[in-house]
Structure formats: structure tokens, C-alpha cells
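Quick look at input16.cif (mmCIF, C-alpha atoms and all ligand atoms):
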data_protein
loop_
_atom_site.label_atom_id
_atom_site.label_comp_id
_atom_site.auth_asym_id
_atom_site.auth_seq_id
_atom_site.Cartn_x
_atom_site.Cartn_y
_atom_site.Cartn_z
CA MET A 1 32.29 44.38 -22.64
CA PRO A 2 28.58 45.10 -23.07
CA GLN A 3 26.45 43.14 -20.65
CA LEU A 4 23.11 41.50 -21.37
CA ARG A 5 20.71 41.88 -18.47
CA GLN A 6 17.40 40.15 -18.03
CA ASP A 7 14.35 41.80 -16.51
CA LEU A 8 13.34 39.66 -13.54
CA VAL A 9 9.61 40.03 -14.21
CA THR A 10 9.21 39.70 -17.98
CA GLY A 11 12.41 37.94 -19.00
CA ARG A 12 13.02 40.80 -21.45
CA TRP A 13 16.69 41.28 -22.36
CA VAL A 14 18.52 44.60 -22.44
CA THR A 15 22.08 45.33 -23.55
CA ILE A 16 23.98 47.65 -21.25
CA ALA A 17 26.64 48.99 -23.62
CA THR A 18 28.44 51.86 -21.97
CA GLU A 19 31.35 51.91 -24.45
CA ARG A 20 29.23 54.15 -26.62
CA ALA A 21 28.35 56.18 -23.66
CA ARG A 22 28.66 59.56 -22.29
CA ARG A 23 28.70 60.55 -18.65
CA PRO A 24 25.21 60.72 -17.14
CA SER A 25 25.45 64.49 -16.91
CA SER A 26 26.01 64.76 -20.67
CA PHE A 27 22.34 63.87 -21.13
CA SER A 28 21.46 67.27 -19.69
CA ARG A 29 19.68 69.23 -22.37
CA ALA A 30 20.18 72.67 -23.79
CA PRO A 31 17.85 75.27 -22.27
CA ALA A 32 14.35 74.84 -23.59
CA VAL A 33 13.08 77.12 -26.31
CA ALA A 34 9.79 78.92 -26.08
CA VAL A 35 6.55 77.23 -26.36
CA SER A 36 3.08 77.21 -27.69
CA PRO A 37 1.29 80.36 -26.59
CA ALA A 38 -1.02 80.00 -23.62
CA ALA A 39 -3.46 82.24 -25.45
CA THR A 40 -4.63 79.40 -27.67
CA CYS A 41 -4.27 76.56 -25.15
CA PRO A 42 -7.51 74.58 -24.72
CA PHE A 43 -6.39 73.51 -21.22
CA CYS A 44 -5.87 77.03 -19.85
CA VAL A 45 -8.37 78.74 -17.55
CA GLY A 46 -11.04 80.60 -19.49
CA HIS A 47 -10.84 78.18 -22.43
CA GLU A 48 -13.12 75.53 -20.93
CA ASP A 49 -15.38 75.70 -24.01
CA MET A 50 -12.48 74.46 -26.18
CA THR A 51 -12.74 70.96 -24.67
CA PRO A 52 -15.65 68.52 -24.46
CA PRO A 53 -17.64 69.04 -21.21
CA GLU A 54 -15.79 67.97 -18.07
CA VAL A 55 -16.50 64.56 -16.52
CA LEU A 56 -14.82 65.47 -13.24
CA ALA A 57 -13.42 68.65 -11.76
CA ASP A 58 -11.73 69.49 -8.50
CA ARG A 59 -13.09 73.02 -8.24
CA ALA A 60 -13.85 75.74 -5.69
CA PRO A 61 -17.29 75.49 -4.07
CA GLY A 62 -19.91 77.56 -5.83
CA THR A 63 -18.14 77.62 -9.22
CA LEU A 64 -19.97 76.32 -12.29
CA PRO A 65 -18.97 73.29 -14.36
CA ASN A 66 -16.95 74.11 -17.50
CA ALA A 67 -16.09 77.52 -16.14
CA PRO A 68 -13.04 78.90 -14.26
CA GLY A 69 -12.54 77.99 -10.60
CA TRP A 70 -11.06 74.52 -11.07
CA GLU A 71 -7.80 73.09 -9.80
CA ILE A 72 -7.91 69.84 -11.78
CA ARG A 73 -10.17 69.07 -14.71
CA VAL A 74 -10.91 65.77 -16.50
CA VAL A 75 -12.42 65.89 -20.01
CA PRO A 76 -12.91 63.33 -22.78
CA ASN A 77 -10.15 63.51 -25.39
CA LEU A 78 -11.32 65.53 -28.39
CA TYR A 79 -9.51 63.07 -30.66
CA PRO A 80 -9.95 59.76 -28.83
CA ALA A 81 -7.82 56.73 -29.67
CA PHE A 82 -10.59 54.55 -28.20
CA GLY A 83 -14.30 55.00 -27.78
CA PRO A 84 -17.15 54.98 -27.10
CA PRO A 85 -17.27 52.68 -24.08
CA ASP A 86 -20.97 51.89 -23.98
CA ARG A 87 -20.99 48.45 -25.64
CA GLU A 88 -19.08 45.17 -25.86
CA PRO A 89 -16.49 45.21 -28.65
CA VAL A 90 -17.49 43.23 -31.73
CA GLN A 91 -14.84 40.93 -33.11
CA ALA A 92 -14.70 40.02 -36.79
CA ARG A 93 -12.55 38.23 -39.31
CA VAL A 94 -11.25 39.61 -42.59
CA GLY A 95 -9.59 36.74 -44.44
CA PRO A 96 -6.85 35.55 -42.09
CA TYR A 97 -7.04 38.77 -40.10
CA GLU A 98 -8.92 39.50 -36.92
CA THR A 99 -10.47 42.83 -35.98
CA MET A 100 -12.10 44.21 -32.88
CA ASP A 101 -14.03 47.43 -32.28
CA GLY A 102 -11.82 50.01 -30.61
CA VAL A 103 -14.34 50.63 -27.87
CA GLY A 104 -13.07 52.23 -24.73
CA VAL A 105 -12.24 55.42 -22.94
CA HIS A 106 -9.75 58.16 -23.62
CA GLU A 107 -9.76 61.00 -21.12
CA VAL A 108 -7.45 63.91 -20.44
CA LEU A 109 -6.62 64.89 -16.88
CA ILE A 110 -5.49 68.53 -16.85
CA SER A 111 -2.93 68.78 -14.04
CA SER A 112 -3.58 72.34 -12.89
CA PRO A 113 -4.61 75.76 -14.17
CA SER A 114 -0.92 76.55 -14.75
CA HIS A 115 0.25 76.29 -18.35
CA THR A 116 3.83 75.53 -17.28
CA ASP A 117 3.94 73.94 -13.81
CA ASP A 118 4.32 70.17 -13.93
CA PHE A 119 5.10 67.50 -11.34
CA ALA A 120 8.46 69.07 -10.44
CA GLN A 121 6.86 72.46 -9.72
CA LEU A 122 3.40 71.60 -8.39
CA PRO A 123 3.13 71.31 -4.60
CA VAL A 124 2.97 67.75 -3.28
CA GLU A 125 -0.51 68.51 -1.90
CA HIS A 126 -1.73 69.35 -5.41
CA ILE A 127 -0.15 66.20 -6.87
CA ALA A 128 -2.04 64.22 -4.22
CA ARG A 129 -5.25 65.78 -5.57
CA ILE A 130 -4.26 64.66 -9.09
CA VAL A 131 -3.74 61.14 -7.73
CA ARG A 132 -7.19 61.25 -6.10
CA ALA A 133 -8.82 62.46 -9.35
CA SER A 134 -7.06 59.68 -11.29
CA ILE A 135 -8.32 57.07 -8.85
CA ALA A 136 -11.85 58.47 -9.08
CA ARG A 137 -11.80 58.05 -12.88
CA TYR A 138 -10.26 54.57 -12.63
CA THR A 139 -13.03 53.55 -10.29
CA ALA A 140 -15.74 55.14 -12.46
CA HIS A 141 -14.68 53.05 -15.47
CA ALA A 142 -13.82 49.82 -13.66
CA ALA A 143 -17.47 48.78 -13.57
CA ASN A 144 -17.76 48.92 -17.36
CA PRO A 145 -17.81 45.33 -18.72
CA ALA A 146 -16.42 46.49 -22.10
CA ILE A 147 -13.19 47.71 -20.53
CA GLU A 148 -10.51 45.17 -19.68
CA TYR A 149 -7.64 47.47 -18.86
CA LEU A 150 -7.19 51.02 -17.58
CA LEU A 151 -3.85 52.70 -18.20
CA LEU A 152 -2.85 56.08 -16.85
CA ILE A 153 -0.03 57.69 -18.79
CA ASN A 154 1.86 60.95 -18.84
CA ASN A 155 3.86 62.35 -21.75
CA HIS A 156 6.15 65.24 -20.91
CA GLY A 157 7.85 67.23 -23.64
CA LYS A 158 7.33 67.27 -27.37
CA GLU A 159 9.91 64.52 -28.02
CA ALA A 160 7.96 62.28 -25.65
CA GLY A 161 4.76 62.79 -27.62
CA ALA A 162 3.08 65.59 -25.66
CA SER A 163 1.15 67.35 -28.40
CA LEU A 164 -0.11 70.04 -26.04
CA GLU A 165 2.32 71.72 -23.70
CA HIS A 166 -0.08 72.34 -20.83
CA PRO A 167 0.74 69.55 -18.33
CA HIS A 168 -1.80 66.75 -18.46
CA SER A 169 -2.11 62.99 -18.09
CA GLN A 170 -4.29 60.62 -20.09
CA LEU A 171 -6.44 57.71 -19.02
CA PHE A 172 -7.03 54.94 -21.55
CA GLY A 173 -9.66 52.27 -21.04
CA ILE A 174 -9.15 49.50 -23.58
CA PRO A 175 -11.06 46.32 -24.48
CA PHE A 176 -8.14 43.92 -23.87
CA VAL A 177 -5.27 43.37 -21.45
CA PRO A 178 -2.20 44.80 -23.20
CA PRO A 179 0.66 42.38 -24.00
CA VAL A 180 3.15 44.20 -21.77
CA VAL A 181 0.88 43.74 -18.75
CA GLN A 182 0.10 40.16 -19.75
CA GLU A 183 3.83 39.49 -19.84
CA GLU A 184 4.26 40.96 -16.36
CA LEU A 185 1.33 38.97 -14.97
CA GLU A 186 2.76 35.76 -16.40
CA GLY A 187 6.26 36.64 -15.17
CA SER A 188 4.91 37.27 -11.66
CA ARG A 189 3.08 33.93 -11.71
CA ARG A 190 6.17 32.11 -13.00
CA TYR A 191 8.37 33.67 -10.33
CA ARG A 192 5.93 32.80 -7.55
CA ALA A 193 5.72 29.20 -8.72
CA ALA A 194 9.52 28.92 -8.62
CA HIS A 195 10.30 31.00 -5.52
CA ARG A 196 7.06 31.17 -3.51
CA ALA A 197 7.37 34.94 -3.39
CA CYS A 198 6.33 38.08 -5.26
CA VAL A 199 8.93 39.07 -7.81
CA PHE A 200 8.48 42.78 -7.06
CA CYS A 201 8.68 42.24 -3.27
CA ASP A 202 11.91 40.28 -3.75
CA MET A 203 13.24 42.97 -6.06
CA ILE A 204 12.48 45.75 -3.55
CA ALA A 205 14.13 43.81 -0.74
CA TRP A 206 17.28 43.35 -2.81
CA GLU A 207 17.37 46.95 -4.02
CA GLU A 208 16.96 48.35 -0.50
CA GLN A 209 19.67 46.07 0.78
CA SER A 210 22.17 46.74 -2.00
CA GLY A 211 21.24 50.41 -2.41
CA GLU A 212 23.21 50.92 -5.62
CA ARG A 213 20.19 51.51 -7.83
CA VAL A 214 18.01 53.31 -5.28
CA ILE A 215 17.07 56.88 -6.20
CA LEU A 216 14.88 57.76 -3.24
CA THR A 217 12.71 56.19 -0.57
CA THR A 218 9.65 57.45 1.30
CA ASP A 219 7.54 55.83 4.04
CA HIS A 220 5.55 53.71 1.59
CA PHE A 221 7.51 53.79 -1.69
CA ILE A 222 10.89 53.12 -3.20
CA ALA A 223 12.13 54.59 -6.48
CA PHE A 224 15.00 52.82 -8.20
CA ALA A 225 16.62 52.31 -11.57
CA PRO A 226 15.61 48.77 -12.59
CA PHE A 227 18.42 46.20 -12.98
CA ALA A 228 17.63 45.76 -16.69
CA ALA A 229 16.85 49.43 -17.40
CA ARG A 230 15.94 49.94 -21.05
CA THR A 231 17.01 53.57 -21.26
CA PRO A 232 19.32 55.95 -19.38
CA PHE A 233 17.53 57.05 -16.17
CA GLU A 234 14.63 54.61 -16.48
CA SER A 235 13.07 54.74 -13.00
CA TRP A 236 10.36 52.77 -11.25
CA ILE A 237 8.29 53.78 -8.24
CA VAL A 238 7.08 50.69 -6.39
CA PRO A 239 4.95 50.50 -3.23
CA ARG A 240 6.73 48.69 -0.41
CA ARG A 241 3.44 47.06 0.61
CA HIS A 242 2.46 44.18 -1.67
CA ALA A 243 -0.63 45.47 -3.47
CA ALA A 244 -2.07 44.59 -6.86
CA ARG A 245 -3.95 47.82 -7.46
CA PHE A 246 -2.96 51.46 -7.75
CA GLU A 247 -6.58 52.45 -7.27
CA MET A 248 -6.73 50.73 -3.84
CA MET A 249 -4.08 52.94 -2.24
CA SER A 250 -4.92 54.26 1.23
CA GLY A 251 -5.12 58.03 1.85
CA PRO A 252 -1.65 58.24 3.45
CA GLU A 253 -0.24 56.12 0.61
CA GLN A 254 -1.71 58.52 -1.96
CA GLU A 255 -0.01 61.48 -0.24
CA ASP A 256 3.24 59.59 -0.04
CA PHE A 257 3.03 58.50 -3.68
CA ALA A 258 2.60 62.16 -4.65
CA ARG A 259 5.74 62.96 -2.63
CA ALA A 260 7.77 60.20 -4.34
CA LEU A 261 6.57 61.21 -7.82
CA HIS A 262 7.32 64.87 -7.17
CA GLU A 263 10.83 64.15 -5.93
CA LEU A 264 11.72 61.71 -8.70
CA ILE A 265 10.66 64.16 -11.39
CA ALA A 266 12.26 67.11 -9.61
CA ARG A 267 15.56 65.17 -9.62
CA LEU A 268 15.25 64.49 -13.35
CA VAL A 269 14.28 68.08 -14.14
CA ALA A 270 17.06 69.59 -12.03
CA GLY A 271 19.72 67.07 -13.01
CA LEU A 272 19.05 66.86 -16.74
CA ASN A 273 17.42 70.21 -17.45
CA ASP A 274 13.85 69.10 -17.91
CA PRO A 275 14.22 66.07 -20.19
CA PRO A 276 11.24 64.67 -22.13
CA TYR A 277 9.84 61.53 -20.51
CA ASN A 278 6.92 59.12 -20.46
CA PHE A 279 5.50 57.45 -17.42
CA TYR A 280 2.66 55.04 -16.94
CA ILE A 281 1.08 53.05 -14.14
CA HIS A 282 0.86 49.27 -14.27
CA THR A 283 -1.97 48.01 -12.10
CA ALA A 284 -3.89 44.71 -12.15
CA PRO A 285 -6.47 44.29 -14.97
CA VAL A 286 -9.92 45.66 -14.17
CA HIS A 287 -11.84 42.39 -13.99
CA SER A 288 -9.16 40.19 -12.44
CA SER A 289 -9.89 38.71 -9.03
CA PRO A 290 -8.89 40.67 -5.94
CA GLU A 291 -6.28 38.02 -5.17
CA THR A 292 -4.50 38.55 -8.48
CA ASP A 293 -0.84 38.12 -7.81
CA TYR A 294 0.51 41.39 -9.05
CA HIS A 295 2.38 44.30 -7.57
CA TRP A 296 1.44 47.65 -9.05
CA HIS A 297 4.11 50.21 -9.96
CA LEU A 298 4.96 53.26 -12.03
CA GLU A 299 7.54 53.09 -14.83
CA LEU A 300 9.18 56.27 -16.06
CA LEU A 301 11.38 56.38 -19.17
CA PRO A 302 13.18 59.56 -20.15
CA LYS A 303 13.40 60.02 -23.89
CA LEU A 304 17.09 60.83 -24.34
CA THR A 305 18.06 58.19 -26.86
CA ILE A 306 16.25 56.93 -29.94
CA ALA A 307 15.30 53.32 -30.49
CA ALA A 308 16.58 52.37 -33.95
CA GLY A 309 16.85 49.38 -36.27
CA PHE A 310 18.42 46.97 -33.81
CA GLU A 311 15.87 47.71 -31.10
CA LEU A 312 12.95 47.51 -33.51
CA GLY A 313 14.29 44.36 -35.17
CA THR A 314 14.98 42.43 -31.99
CA GLY A 315 12.91 43.99 -29.21
CA VAL A 316 16.21 44.23 -27.28
CA MET A 317 17.10 47.74 -26.15
CA ILE A 318 20.68 48.99 -26.03
CA ASN A 319 21.16 51.15 -22.95
CA VAL A 320 24.32 53.26 -22.95
CA VAL A 321 24.25 54.15 -19.24
CA THR A 322 24.29 51.60 -16.45
CA PRO A 323 21.29 51.88 -14.13
CA GLU A 324 23.79 52.07 -11.25
CA SER A 325 25.30 55.30 -12.59
CA SER A 326 21.85 56.66 -13.52
CA ALA A 327 20.71 56.14 -9.93
CA GLU A 328 23.91 57.55 -8.44
CA PHE A 329 23.54 60.64 -10.61
CA LEU A 330 19.89 61.20 -9.65
CA ARG A 331 20.63 60.60 -5.96
CA GLY A 332 23.32 63.25 -6.14
CA VAL A 333 21.16 66.00 -7.64
CA ASP A 334 21.06 68.91 -5.21
CA LEU A 335 17.45 69.99 -5.06
CA SER A 336 18.26 73.04 -2.95
CA ALA A 337 21.00 74.49 -5.16
CA PRO A 338 20.39 78.00 -6.48
CA GLY A 339 19.13 78.06 -10.05
CA LEU A 340 17.21 74.85 -9.51
CA THR A 341 14.07 76.54 -8.33
CA ALA A 342 12.09 74.36 -10.69
CA ALA A 343 12.73 71.51 -8.30
CA THR A 344 11.26 73.10 -5.20
CA PRO A 345 7.52 73.21 -4.72
CA THR A 346 6.09 76.65 -5.20
CA PRO A 347 2.80 77.70 -3.64
CA HIS A 348 0.02 77.80 -6.14
ZN ZN A 401 -2.45 76.08 -21.11
ZN ZN A 402 4.77 42.15 -4.06
ZN ZN A 403 5.36 47.23 -15.40
#
How does this structure look as C-alpha cells?
Ligand SMILES: [Zn+2]
Ligand SMILES: [Zn+2]
Ligand SMILES: [Zn+2]
Amino acid sequence: MPQLRQDLVTGRWVTIATERARRPSSFSRAPAVAVSPAATCPFCVGHEDMTPPEVLADRAPGTLPNAPGWEIRVVPNLYPAFGPPDREPVQARVGPYETMDGVGVHEVLISSPSHTDDFAQLPVEHIARIVRASIARYTAHAANPAIEYLLLINNHGKEAGASLEHPHSQLFGIPFVPPVVQEELEGSRRYRAAHRACVFCDMIAWEEQSGERVILTTDHFIAFAPFAARTPFESWIVPRRHAARFEMMSGPEQEDFARALHELIARLVAGLNDPPYNFYIHTAPVHSSPETDYHWHLELLPKLTIAAGFELGTGVMINVVTPESSAEFLRGVDLSAPGLTAATPTPH
């Protein structure tokens, strides 16, 4: 019988309905077809003039801005969803409707000079540099009074919304706290009032103890399939240390986070033949007090099934694979097997 599961933080319901299901391995995709040519890619080396001027670059000493020599490059989005960030948003009413200026920030963080290497292929050391660049941009925007929330996202694969193939992440600074985060903040508060504990800390403790949904652990992080996973292979990376803010990670934590992210994605890529996915980082709102009771984390959702009428009409997702079998499958992926070279870090 399908089982309704409730997310411990938000109270959101999910239906785990495996009757319609396939084995986890049947989500593996056919080999990918060829891709947009690197010759016209605005994120490739030598095409720096195809983007707005860079706002940050991790580049070799002595090289010029907006010229080759970079390892990571951050540029404003040419087609921003929000912007500009230099004033308070004006709110207005139109009849019964309310509007607000879409002020904010929309930046692109180009992962590396490589047109093809993504988190599964890039060396952990390089991913740590991406994490550092992301934190630098977070911090740069956090002082802006017009921005209430900063969200770092990554779309991988066309089906997941990546319009340009060259691996990149995006940073959105928006003039309100998004409902999903609001829901998690309220859920965390509610849980603390009832249990005198952090909901994420309690979740981690249970997951480590039971082990059935754990995908991997590192010194500072745990990756697991959440109890009420919305999609096959939904995976969260959560710091073991209670901390409200992604951008306050210590140096060793940043390195370790890069390691966890690399391994999680390498397992997905090797096990399911490079599926499309989205991930994003939930951290405390910019202007909330340092004591905000929140526990930052990364949520990754592979895009292997399509939300349809029922999901849209109810907000309840139907997941056809139990998170327990998703986790077991990802744990079992052999990252050293021949033919899975995509999963091992290659020197840059
Ligand atoms: Zn490219
Ligand atoms: Zn916590
Ligand atoms: Zn979250």
C-alpha cells in the first residue's frame, strides 16, 4: 500500500507509491547525446567578452580581468531574473493585487574553464575553490539592505533547466524570504518549542543511528535520502555541527563540504548515467539574527520523474522509489569500477 510520509521540518506530505515503480537502477539514462558546441559557449576560455564584466575571478597572478587565466569566474547574468540591487523595492497595489519591484541580484558562477567537467569530474580541491567563491559573493551581497535572501542553485542537464551546458551555478539575491525557507524556519521553531532540540540535529542523529537512508558521511557532513523524499534519489547534505549559515563554514568544513558534494554527485553520475538534477543551499535569511534557530543544508533533487496534475493540484508529490532503496542504491555504486572514470577526480 502506498505510504504517506511527513517531512519532519515543514510538515509537507509525500506519497511513497512504489507499486508504480521500477528498480532504482532502471532510472539510469541512455548515453547522453552530443551537446552545444564549445565554440559558441560564452563561458569558455577566450569568450570572456561574451559575458558582462566579471565581479569576481579566481585567476592566475598577473592575468588581466575578463581575459583567460581564470579558474573560476563570477559574472552578472546577462538575462537577470532580479535586479538591480541598488535600492529598496517599491511595493504597490493594483486593485486587489500587490506588486513589488524585482530588485536583487542574479549572478552566474562559472565552475571551471572546462566545458564538460562538473562536480563529479572536478577535483575536490577545485570544488573547494568554488565553495570559497560562492561564500565571497554571499558575503558581498549580505550587507545590501534591499536583499532579504540569498540562494545558491545549480541546474545540471537540459531537463533540469540548464540552458547553457558549461557547468555553472547561480546566485540569486531576492527582496523577500522565500516561502519554502519561511516554512522551514517556522517548522524548526515549532519543533524546538515541542522537543527543545533542533529538528535537523535530531534528524541527523536518527539517520546516523539507523543508517538505512545514509548515502555517505565525511568528518563534518552527512548525506542521506530524506525520510519524506519527494523524488527518487532526493539527497540532502547536512553539516553535523549545528550551524545556521552556509557562509560561516570554517576552512576545514569548506574542504569537507566539497568532498561530500563531489562524492554524492559522483555516485549519482556513475549509478544513473549522469541524470539531470537541481540542487540548492538553504541557509538562514541575510538579515536574521545570528542566533536564528536554523540548520543550513543542501537539497539535491534528480529530475527523473515529472510532476503532473496531482502534484500541481495538491502540492503532494508521489515518489515511486522509497528513500531507503534510493540510498542503498547510491551507497552501492562502485566509484572505482572501470568505465566509471567520470566519477574519479581527474587532474585539471
Ligand atoms: Zn563552455
Ligand atoms: Zn541543528
Ligand atoms: Zn531546506
Please measure the separation of atom CA of Thr116 of chain A and atom CA of Gly62 of chain A, giving the value in Å to one decimal.
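That distance, rounded to one decimal, is 26.4 Å.
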Residues within 9 Å of ligand ZN 403 (chain A) should be enumerated using all atoms listed in the file and returned as an MDAnalysis selection string.
chainID A and resid 9:10 180:181 184 236 280:283 295:299
Generate a file of the selected residues that holds C-alpha atoms, formatted as an mmCIF file, in the frame of the given file.
data_model
loop_
_atom_site.group_PDB
_atom_site.id
_atom_site.type_symbol
_atom_site.label_atom_id
_atom_site.label_comp_id
_atom_site.auth_asym_id
_atom_site.auth_seq_id
_atom_site.Cartn_x
_atom_site.Cartn_y
_atom_site.Cartn_z
ATOM 1 C CA VAL A 9 9.610 40.030 -14.210
ATOM 2 C CA THR A 10 9.210 39.700 -17.980
ATOM 3 C CA VAL A 180 3.150 44.200 -21.770
ATOM 4 C CA VAL A 181 0.880 43.740 -18.750
ATOM 5 C CA GLU A 184 4.260 40.960 -16.360
ATOM 6 C CA TRP A 236 10.360 52.770 -11.250
ATOM 7 C CA TYR A 280 2.660 55.040 -16.940
ATOM 8 C CA ILE A 281 1.080 53.050 -14.140
ATOM 9 C CA HIS A 282 0.860 49.270 -14.270
ATOM 10 C CA THR A 283 -1.970 48.010 -12.100
ATOM 11 C CA HIS A 295 2.380 44.300 -7.570
ATOM 12 C CA TRP A 296 1.440 47.650 -9.050
ATOM 13 C CA HIS A 297 4.110 50.210 -9.960
ATOM 14 C CA LEU A 298 4.960 53.260 -12.030
ATOM 15 C CA GLU A 299 7.540 53.090 -14.830
#
For ligand ZN 402 (chain A), list the contacting residues at 7 Å or closer, counting only C-alpha atoms and all ligand atoms, as a ChimeraX atom specification.
/A:198-201,241-243,294-295
Near ligand ZN 401 (chain A), 6 Å: chain A residue rows, closest pairs, all atoms listed in the file, as a Markdown table:
| residue | atom | partner | partner_atom | distance |
| --- | --- | --- | --- | --- |
| A:Ala38 | CA | A:ZN401 | ZN | 4.9 |
| A:Cys41 | CA | A:ZN401 | ZN | 4.5 |
| A:Phe43 | CA | A:ZN401 | ZN | 4.7 |
| A:Cys44 | CA | A:ZN401 | ZN | 3.8 |
| A:His115 | CA | A:ZN401 | ZN | 3.9 |
| A:His166 | CA | A:ZN401 | ZN | 4.4 |
Kindly give the distance, in Å, that separates atom CA of Ala223 of chain A and atom CA of Phe172 of chain A, rounded to a single decimal.
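Spanning atom CA of Ala223 of chain A to atom CA of Phe172 of chain A is a straight-line distance of 24.4 Å.
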Give me the segment 248-337 of chain A side of the contact with segment 133-138 of chain A, cut-off 10 Å, one line per residue showing its nearest atom pair and distance in Å at one decimal, counting all atoms listed in the file, sorted by chain and residue number, as a tab-separated table.
residue	atom	partner	partner_atom	distance
A:Met248	CA	A:Ile135	CA	8.2
A:Met249	CA	A:Ile135	CA	8.9
A:Gln254	CA	A:Ile135	CA	9.7
A:Val286	CA	A:Tyr138	CA	9.0
Neighbouring residues of His287 of chain A were defined as those with any atom within 12 Å, considering all atoms listed in the file; residues of the same chain fewer than 3 positions away were excluded. Please report them as a VMD selection string.
chain A and resid 139 141 to 150 175 to 177 245 283 to 284 290 to 292
Minimum-distance residue to Ser169 of chain A, chosen among A:Leu330, A:Val238, A:Ile72, A:Met50 (using all atoms listed in the file)
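Closest residue, counting all atoms listed in the file: A:Ile72.
Protein, DNA and RNA residues at most 7 Å from (-8.5, 61.0, -17.9), with all atoms listed in the file, are these: Val74, Val75, Pro76, His106, Glu107, Val108, Leu109, Ser134, Arg137, Ser169, Gln170 and Leu171 of chain A.
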Point-to-point distance from atom CA of Ser111 of chain A to atom CA of His126 of chain A, Å rounded to tenths
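So the answer is 8.7 Å.
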Output as a PDB file, in the frame of the given file: segment 57-68 of chain A, completed with N, CA and C atoms.
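Now in result.pdb:
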ATOM      1  N   ALA A  57     -14.256  67.480 -12.021  1.00  0.00           N
ATOM      2  CA  ALA A  57     -13.420  68.650 -11.760  1.00  0.00           C
ATOM      3  C   ALA A  57     -13.248  68.809 -10.262  1.00  0.00           C
ATOM      4  N   ASP A  58     -12.024  69.135  -9.887  1.00  0.00           N
ATOM      5  CA  ASP A  58     -11.730  69.490  -8.500  1.00  0.00           C
ATOM      6  C   ASP A  58     -11.785  71.017  -8.512  1.00  0.00           C
ATOM      7  N   ARG A  59     -12.911  71.570  -8.098  1.00  0.00           N
ATOM      8  CA  ARG A  59     -13.090  73.020  -8.240  1.00  0.00           C
ATOM      9  C   ARG A  59     -13.613  73.674  -6.965  1.00  0.00           C
ATOM     10  N   ALA A  60     -13.430  74.983  -6.871  1.00  0.00           N
ATOM     11  CA  ALA A  60     -13.850  75.740  -5.690  1.00  0.00           C
ATOM     12  C   ALA A  60     -15.360  75.657  -5.545  1.00  0.00           C
ATOM     13  N   PRO A  61     -15.839  75.556  -4.294  1.00  0.00           N
ATOM     14  CA  PRO A  61     -17.290  75.490  -4.070  1.00  0.00           C
ATOM     15  C   PRO A  61     -17.974  76.697  -4.687  1.00  0.00           C
ATOM     16  N   GLY A  62     -19.127  76.448  -5.285  1.00  0.00           N
ATOM     17  CA  GLY A  62     -19.910  77.560  -5.830  1.00  0.00           C
ATOM     18  C   GLY A  62     -19.547  77.907  -7.271  1.00  0.00           C
ATOM     19  N   THR A  63     -18.466  77.316  -7.818  1.00  0.00           N
ATOM     20  CA  THR A  63     -18.140  77.620  -9.220  1.00  0.00           C
ATOM     21  C   THR A  63     -18.893  76.653 -10.132  1.00  0.00           C
ATOM     22  N   LEU A  64     -19.155  77.095 -11.356  1.00  0.00           N
ATOM     23  CA  LEU A  64     -19.970  76.320 -12.290  1.00  0.00           C
ATOM     24  C   LEU A  64     -19.109  75.345 -13.095  1.00  0.00           C
ATOM     25  N   PRO A  65     -19.700  74.201 -13.478  1.00  0.00           N
ATOM     26  CA  PRO A  65     -18.970  73.290 -14.360  1.00  0.00           C
ATOM     27  C   PRO A  65     -18.565  73.993 -15.653  1.00  0.00           C
ATOM     28  N   ASN A  66     -17.438  73.580 -16.217  1.00  0.00           N
ATOM     29  CA  ASN A  66     -16.950  74.110 -17.500  1.00  0.00           C
ATOM     30  C   ASN A  66     -16.771  75.624 -17.483  1.00  0.00           C
ATOM     31  N   ALA A  67     -16.392  76.104 -16.307  1.00  0.00           N
ATOM     32  CA  ALA A  67     -16.090  77.520 -16.140  1.00  0.00           C
ATOM     33  C   ALA A  67     -14.861  77.612 -15.230  1.00  0.00           C
ATOM     34  N   PRO A  68     -14.209  78.778 -15.149  1.00  0.00           N
ATOM     35  CA  PRO A  68     -13.040  78.900 -14.260  1.00  0.00           C
ATOM     36  C   PRO A  68     -13.383  78.561 -12.813  1.00  0.00           C
TER      37      PRO A  68
END
